[in-house]
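Asks: The file below is my_file01.txt, compact mmCIF, C-alpha atoms:
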# COMPACT_ATOMS: atom_id res chain seq x y z
CA MET A 7 -28.31 15.67 -3.87
CA GLU A 8 -28.58 11.96 -4.69
CA VAL A 9 -26.64 10.87 -7.77
CA GLU A 10 -26.03 7.70 -9.74
CA THR A 11 -22.73 6.82 -11.39
CA PRO A 12 -21.69 3.83 -13.55
CA ALA A 13 -20.84 0.48 -11.97
CA LEU A 14 -18.82 -0.31 -15.11
CA GLY A 15 -16.04 2.02 -16.17
CA SER A 16 -13.21 2.25 -18.67
CA THR A 17 -10.67 2.93 -15.88
CA THR A 18 -10.20 1.91 -12.28
CA VAL A 19 -8.19 2.72 -9.18
CA THR A 20 -4.41 2.38 -9.14
CA ASP A 21 -4.22 1.91 -5.34
CA PRO A 22 -2.00 -1.17 -4.76
CA SER A 23 -4.11 -2.25 -1.78
CA ILE A 24 -7.27 -2.64 -3.90
CA GLU A 25 -7.78 -5.15 -6.73
CA SER A 26 -10.38 -4.57 -9.43
CA LEU A 27 -12.49 -7.06 -11.34
CA GLY A 28 -12.14 -6.64 -15.09
CA VAL A 29 -14.34 -7.71 -18.00
CA HIS A 30 -14.12 -7.44 -21.79
CA ASP A 31 -16.82 -6.57 -24.30
CA ARG A 32 -17.24 -8.35 -27.67
CA THR A 33 -14.71 -6.02 -29.31
CA GLY A 34 -12.08 -7.00 -26.75
CA ARG A 35 -12.12 -3.65 -24.98
CA ALA A 36 -11.38 -3.85 -21.24
CA TRP A 37 -13.85 -2.53 -18.67
CA TYR A 38 -13.74 -2.53 -14.87
CA LEU A 39 -16.38 -3.08 -12.23
CA GLN A 40 -15.90 -0.06 -9.98
CA THR A 41 -14.34 -0.56 -6.55
CA SER A 42 -16.20 2.57 -5.36
CA PRO A 43 -18.01 5.50 -7.00
CA GLU A 44 -15.28 7.92 -5.85
CA PHE A 45 -13.75 8.90 -9.20
CA ALA A 46 -17.07 9.54 -10.93
CA MET A 47 -18.48 11.44 -7.96
CA LYS A 48 -15.45 13.73 -7.87
CA ARG A 49 -15.95 14.46 -11.56
CA LEU A 50 -19.51 15.53 -10.74
CA ILE A 51 -18.33 17.78 -7.91
CA ALA A 52 -15.75 19.41 -10.19
CA ALA A 53 -18.57 20.02 -12.70
CA GLY A 54 -20.52 21.95 -10.05
CA SER A 55 -22.89 19.40 -8.51
CA GLY A 56 -22.36 20.58 -4.94
CA SER A 57 -22.62 18.11 -2.05
CA ILE A 58 -23.74 14.66 -3.25
CA TYR A 59 -24.34 11.09 -2.08
CA GLN A 60 -25.31 7.67 -3.34
CA ILE A 61 -25.86 4.08 -2.25
CA THR A 62 -24.52 1.73 -4.91
CA ARG A 63 -22.86 -1.61 -5.57
CA ALA A 64 -19.09 -1.92 -5.62
CA PHE A 65 -16.75 -4.80 -6.49
CA ARG A 66 -13.31 -5.82 -5.27
CA ASP A 67 -11.34 -8.92 -6.18
CA GLY A 68 -10.11 -11.19 -3.40
CA GLU A 69 -12.37 -9.71 -0.71
CA ARG A 70 -13.87 -12.73 1.01
CA GLY A 71 -14.27 -13.36 4.71
CA ARG A 72 -16.37 -12.72 7.79
CA HIS A 73 -16.70 -9.01 6.97
CA HIS A 74 -15.98 -9.10 3.22
CA ASN A 75 -17.72 -10.06 -0.02
CA PRO A 76 -16.52 -9.40 -3.61
CA GLU A 77 -19.78 -7.55 -4.35
CA PHE A 78 -21.05 -5.20 -1.67
CA SER A 79 -23.11 -2.07 -1.07
CA ILE A 80 -21.42 1.23 -0.36
CA LEU A 81 -22.81 4.53 0.91
CA GLU A 82 -20.58 7.37 -0.21
CA TRP A 83 -21.01 11.10 0.17
CA TYR A 84 -19.09 14.34 -0.28
CA ARG A 85 -19.60 17.63 1.55
CA VAL A 86 -18.36 20.73 -0.23
CA GLY A 87 -16.61 23.08 2.19
CA PHE A 88 -16.08 20.40 4.88
CA ASP A 89 -12.81 19.06 6.26
CA HIS A 90 -12.47 15.56 7.69
CA HIS A 91 -13.24 16.72 11.25
CA ARG A 92 -16.62 18.18 10.22
CA LEU A 93 -17.28 15.07 8.19
CA ILE A 94 -16.80 12.90 11.29
CA ASP A 95 -19.59 14.91 12.93
CA ASP A 96 -21.71 14.15 9.85
CA VAL A 97 -20.99 10.41 10.12
CA ASP A 98 -21.84 10.45 13.83
CA ALA A 99 -25.19 12.10 13.13
CA LEU A 100 -26.02 9.34 10.63
CA LEU A 101 -24.99 6.62 13.08
CA ASP A 102 -27.22 8.12 15.77
CA ARG A 103 -30.15 7.69 13.37
CA VAL A 104 -29.23 4.19 12.20
CA LEU A 105 -27.81 2.58 15.34
CA GLY A 106 -29.34 4.79 18.02
CA PRO A 107 -27.69 7.58 20.00
CA GLY A 108 -24.18 6.74 21.11
CA THR A 109 -20.87 8.19 22.08
CA SER A 110 -17.72 8.17 20.02
CA SER A 111 -14.04 8.77 20.58
CA ARG A 112 -11.23 10.04 18.37
CA ILE A 113 -7.64 8.86 18.57
CA THR A 114 -4.66 9.53 16.34
CA TYR A 115 -2.77 6.76 14.59
CA ARG A 116 0.29 7.65 16.63
CA GLU A 117 -1.58 7.56 19.94
CA ALA A 118 -3.17 4.21 19.10
CA PHE A 119 0.16 2.55 18.29
CA SER A 120 1.78 4.05 21.37
CA ARG A 121 -1.05 2.92 23.64
CA HIS A 122 -1.52 -0.60 22.31
CA LEU A 123 1.96 -1.52 21.01
CA ASN A 124 4.24 0.84 22.91
CA LEU A 125 5.91 2.05 19.72
CA ASP A 126 5.85 5.20 17.61
CA PRO A 127 4.79 4.33 14.03
CA PHE A 128 6.55 7.42 12.69
CA THR A 129 9.96 7.01 14.31
CA ALA A 130 10.28 3.31 15.19
CA ALA A 131 13.20 1.56 13.51
CA MET A 132 12.43 -1.24 11.06
CA THR A 133 13.93 -3.73 13.51
CA GLU A 134 11.27 -2.71 16.05
CA LEU A 135 8.50 -3.07 13.49
CA HIS A 136 9.78 -6.48 12.37
CA ASP A 137 10.02 -7.68 15.96
CA ALA A 138 6.44 -6.55 16.65
CA CYS A 139 5.17 -8.19 13.45
CA GLU A 140 6.88 -11.48 14.19
CA SER A 141 5.51 -11.44 17.74
CA SER A 142 2.03 -11.27 16.23
CA GLY A 143 2.56 -14.07 13.72
CA PHE A 144 3.75 -12.27 10.57
CA ALA A 145 7.20 -13.27 9.30
CA SER A 146 7.84 -9.77 7.99
CA ARG A 147 11.61 -10.15 7.61
CA ALA A 148 11.27 -13.27 5.45
CA ALA A 149 8.57 -11.52 3.42
CA ALA A 150 10.82 -8.46 2.97
CA ALA A 151 7.86 -6.37 4.12
CA THR A 152 8.00 -2.62 3.68
CA ARG A 153 7.42 -0.16 6.49
CA ASP A 154 3.80 0.40 5.44
CA GLU A 155 3.19 -3.35 5.10
CA CYS A 156 4.44 -3.83 8.64
CA LEU A 157 2.26 -0.99 9.92
CA ASP A 158 -0.79 -2.34 8.08
CA HIS A 159 -0.30 -5.74 9.67
CA LEU A 160 0.16 -4.30 13.15
CA LEU A 161 -2.91 -2.12 12.76
CA ALA A 162 -5.07 -5.10 11.81
CA ALA A 163 -3.52 -7.65 14.18
CA ALA A 164 -2.83 -5.63 17.31
CA VAL A 165 -4.28 -2.13 17.26
CA GLN A 166 -7.72 -2.65 15.74
CA PRO A 167 -8.76 -5.46 18.16
CA ALA A 168 -7.64 -3.31 21.10
CA LEU A 169 -9.70 -0.25 20.19
CA GLY A 170 -12.59 -1.57 22.27
CA SER A 171 -16.34 -1.31 21.87
CA GLY A 172 -18.36 1.56 20.50
CA ARG A 173 -17.39 4.05 17.79
CA VAL A 174 -13.71 4.88 17.46
CA TYR A 175 -12.35 7.26 14.82
CA LEU A 176 -8.69 6.71 13.95
CA LEU A 177 -7.08 9.86 12.48
CA GLU A 178 -3.79 11.20 11.12
CA PHE A 179 -2.42 8.22 9.21
CA PRO A 180 1.17 8.33 7.91
CA ALA A 181 1.54 10.50 4.82
CA SER A 182 2.62 7.40 2.87
CA GLN A 183 -0.91 6.03 3.45
CA ALA A 184 -2.75 9.14 2.30
CA ALA A 185 -4.39 7.51 -0.75
CA LEU A 186 -6.41 10.48 -2.11
CA ALA A 187 -6.37 12.57 1.06
CA ARG A 188 -4.56 15.84 1.65
CA ILE A 189 -1.29 15.79 3.59
CA ARG A 190 -0.70 18.07 6.55
CA THR A 191 2.88 19.20 6.96
CA GLY A 192 4.68 18.03 10.08
CA PRO A 193 6.67 16.90 11.72
CA PRO A 194 5.45 14.32 11.20
CA GLU A 195 3.58 14.69 7.92
CA VAL A 196 0.18 13.04 8.25
CA ALA A 197 -2.72 12.25 5.96
CA GLU A 198 -5.94 14.14 6.65
CA ARG A 199 -8.02 10.96 6.65
CA PHE A 200 -9.85 8.80 9.15
CA GLU A 201 -11.17 5.30 9.56
CA LEU A 202 -14.18 4.44 11.70
CA TYR A 203 -14.32 1.26 13.76
CA ILE A 204 -17.47 0.11 15.53
CA ASP A 205 -16.95 -2.68 18.06
CA GLY A 206 -13.66 -3.40 16.31
CA VAL A 207 -15.16 -3.63 12.80
CA GLU A 208 -13.95 -1.15 10.18
CA VAL A 209 -17.02 0.62 8.80
CA ALA A 210 -15.89 3.83 7.07
CA ASN A 211 -12.94 5.55 5.45
CA GLY A 212 -12.95 9.32 4.96
CA TYR A 213 -10.67 11.99 3.48
CA HIS A 214 -10.17 15.70 3.43
CA GLU A 215 -9.87 15.43 -0.31
CA LEU A 216 -6.71 16.09 -2.28
CA ARG A 217 -7.31 18.82 -4.91
CA ASP A 218 -3.86 19.15 -6.51
CA ALA A 219 -3.86 17.54 -9.99
CA VAL A 220 -0.06 17.40 -10.17
CA GLU A 221 0.17 15.66 -6.80
CA LEU A 222 -2.62 13.28 -7.76
CA ARG A 223 -0.87 12.29 -10.99
CA GLY A 224 2.35 11.70 -9.07
CA ARG A 225 0.65 9.44 -6.54
CA MET A 226 -1.11 7.45 -9.24
CA ARG A 227 2.14 6.98 -11.16
CA GLN A 228 3.81 5.74 -7.99
CA ASP A 229 0.93 3.29 -7.49
CA VAL A 230 1.43 1.97 -11.01
CA GLU A 231 5.16 1.55 -10.41
CA THR A 232 4.49 -0.35 -7.18
CA ARG A 233 2.09 -2.64 -9.04
CA ARG A 234 4.64 -3.35 -11.77
CA GLU A 235 7.33 -4.11 -9.20
CA THR A 236 5.04 -6.75 -7.68
CA ALA A 237 3.94 -8.13 -11.10
CA ARG A 238 0.31 -7.05 -10.70
CA PRO A 239 -1.96 -5.47 -13.32
CA ALA A 240 -1.29 -1.75 -13.69
CA PRO A 241 -4.32 0.10 -15.12
CA ALA A 242 -3.97 3.31 -17.10
CA LEU A 243 -4.38 6.55 -15.20
CA ASP A 244 -7.88 8.00 -15.16
CA GLU A 245 -7.25 11.07 -17.31
CA ARG A 246 -10.85 12.26 -16.90
CA LEU A 247 -10.42 12.37 -13.12
CA LEU A 248 -7.13 14.23 -13.52
CA ALA A 249 -8.77 16.70 -15.90
CA ALA A 250 -11.52 17.30 -13.34
CA HIS A 251 -8.89 18.17 -10.74
CA GLU A 252 -7.12 20.44 -13.20
CA ALA A 253 -10.41 22.22 -13.89
CA GLY A 254 -10.86 22.75 -10.17
CA LEU A 255 -12.20 20.40 -7.51
CA PRO A 256 -13.88 22.48 -4.79
CA ALA A 257 -12.62 22.08 -1.23
CA CYS A 258 -14.50 19.08 0.12
CA ALA A 259 -14.39 15.98 2.28
CA GLY A 260 -15.74 12.55 1.39
CA VAL A 261 -16.46 9.28 3.13
CA ALA A 262 -17.30 5.72 2.08
CA VAL A 263 -19.36 3.61 4.47
CA GLY A 264 -19.69 -0.15 4.14
CA PHE A 265 -23.48 -0.31 4.01
CA ASP A 266 -23.70 -4.08 4.50
CA ARG A 267 -21.46 -3.85 7.57
CA LEU A 268 -23.66 -1.09 8.95
CA VAL A 269 -26.71 -3.33 8.51
CA MET A 270 -24.81 -6.19 10.15
CA LEU A 271 -24.02 -4.06 13.19
CA ALA A 272 -27.54 -2.62 13.39
CA GLY A 273 -28.98 -6.15 13.41
CA ARG A 274 -26.34 -7.42 15.85
CA TYR A 275 -25.13 -10.08 13.43
CA ARG A 276 -21.59 -11.47 13.49
CA THR A 277 -20.94 -12.06 9.80
CA LEU A 278 -21.69 -10.27 6.56
CA CYS A 279 -23.26 -13.34 4.95
CA GLU A 280 -26.07 -13.14 7.54
CA VAL A 281 -27.34 -9.91 5.96
CA LEU A 282 -26.73 -10.81 2.30
CA ALA A 283 -29.39 -12.78 0.43
CA PHE A 284 -26.74 -13.95 -2.05
CA PRO A 285 -23.19 -13.96 -0.65
CA ASP A 286 -20.46 -15.01 -3.08
CA ASP A 287 -20.88 -18.75 -2.40
CA ALA A 288 -24.57 -18.55 -3.37
CA ALA A 289 -24.48 -15.92 -6.12
Would you write out, as structure tokens, the structure that this file holds?
Replies:
Amino acid sequence: MEVETPALGSTTVTDPSIESLGVHDRTGRAWYLQTSPEFAMKRLIAAGSGSIYQITRAFRDGERGRHHNPEFSILEWYRVGFDHHRLIDDVDALLDRVLGPGTSSRITYREAFSRHLNLDPFTAAMTELHDACESSGFASRAAAATRDECLDHLLAAAVQPALGSGRVYLLEFPASQAALARIRTGPPEVAERFELYIDGVEVANGYHELRDAVELRGRMRQDVETRRETARPAPALDERLLAAHEAGLPACAGVAVGFDRLVMLAGRYRTLCEVLAFPDDAA
């Protein structure tokens, strides 16, 4: 079922890797342009909507570049009863319709790092990660980078460009990078999430969705603490989302697809601004 959720909300994500754009109304009350429709869509699912989708606008601060724009279109959907593996099949079926029939491959986070960097992201010592980062141009020691910051850099700088052409699904991220995905016990513990890359461009991010309200609150509180430690805005927790989980979120999997990037790839363009009538420098 197609749904529509607000682009402006009273709360926003706590994820330290995502920055929201905030506004104030005439009373001084703070509002946020939504970084994705995820929270509202999960509230609908918890209320009994069943499987849902929408194409909407989303907003993220600081996202500018060849494949980024502060305002963008997002296609997001949730399948009740699916896990992330079945959802990948769903994504592939959509891509066959949009881009034409094609083949895809699946590789774990661990396999990708081993193949392209010759290191194990789960067991490598920090000295190994720092050495790899500094070899690729990131002074991680001087920046006092954390383990996840080092891994994020290596993924973007070394692994992602080496994934090759076509559709590649990267699965089983470290548990510390689960965001709102379920965690599968190990060893090692891994997040039941995936990212899709097409010709080296990240296009989608999907989860086998976390349903535990206590775990969700704990993750969000940790996000807030991380934000405070780095002197960044720390929004209040979304109590309505937490209440929806407490009421009972059905087992489901969800994915967000960068719609503008999909159009870019379908049209064989190199940059996002080529498919946007009003990119940020012309808006």
Asks: Would you kindly return, as a list in words, each protein, DNA or RNA residue with an atom no farther than 10 Å from any atom of A:Asp244, considering only C-alpha atoms and excluding same-chain residues fewer than 6 positions away?
Replies: Ser16, Thr17, Thr18, Val19, Thr20, Phe45, Arg223 and Met226 of chain A
Asks: Write out as a list of chain:residue names the residues lying within 9 Å of A:Ala163, counting all atoms listed in the file and excluding same-chain residues fewer than 6 positions away.
Replies: A:Cys139, A:Ser142, A:Gly143
Asks: Neighbouring residues of A:Leu247 were defined as those with any atom within 8 Å, considering all atoms listed in the file; residues of the same chain fewer than 4 positions away were excluded. Please report them as a list in words.
Replies: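 The filter keeps Phe45, Ala46, Lys48, Arg49 and His251 of chain A.
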Asks: For a test of reading the model, state the distance in Å between atom CA of A:Asp137 and atom CA of A:Ala151, rounded to one decimal.
Replies: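 Atom-to-atom, atom CA of A:Asp137 to atom CA of A:Ala151, that is 12.1 Å.
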Asks: Calculate how many Å separate atom CA of A:Ser110 from atom CA of A:Ile94, rounding to one decimal.
Replies: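 Separation of atom CA of A:Ser110 and atom CA of A:Ile94: 10.0 Å.
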Asks: Please write as JSON, numbers by chain the list of polymer residues whose atoms come within 9 Å of (-5.1, 6.4, 6.8), counting only C-alpha atoms and keeping to the coordinates of the file.
Replies: {"A": [115, 176, 177, 178, 179, 180, 181, 182, 183, 184, 185, 187, 196, 197, 198, 199, 200, 201, 211, 212, 213]}
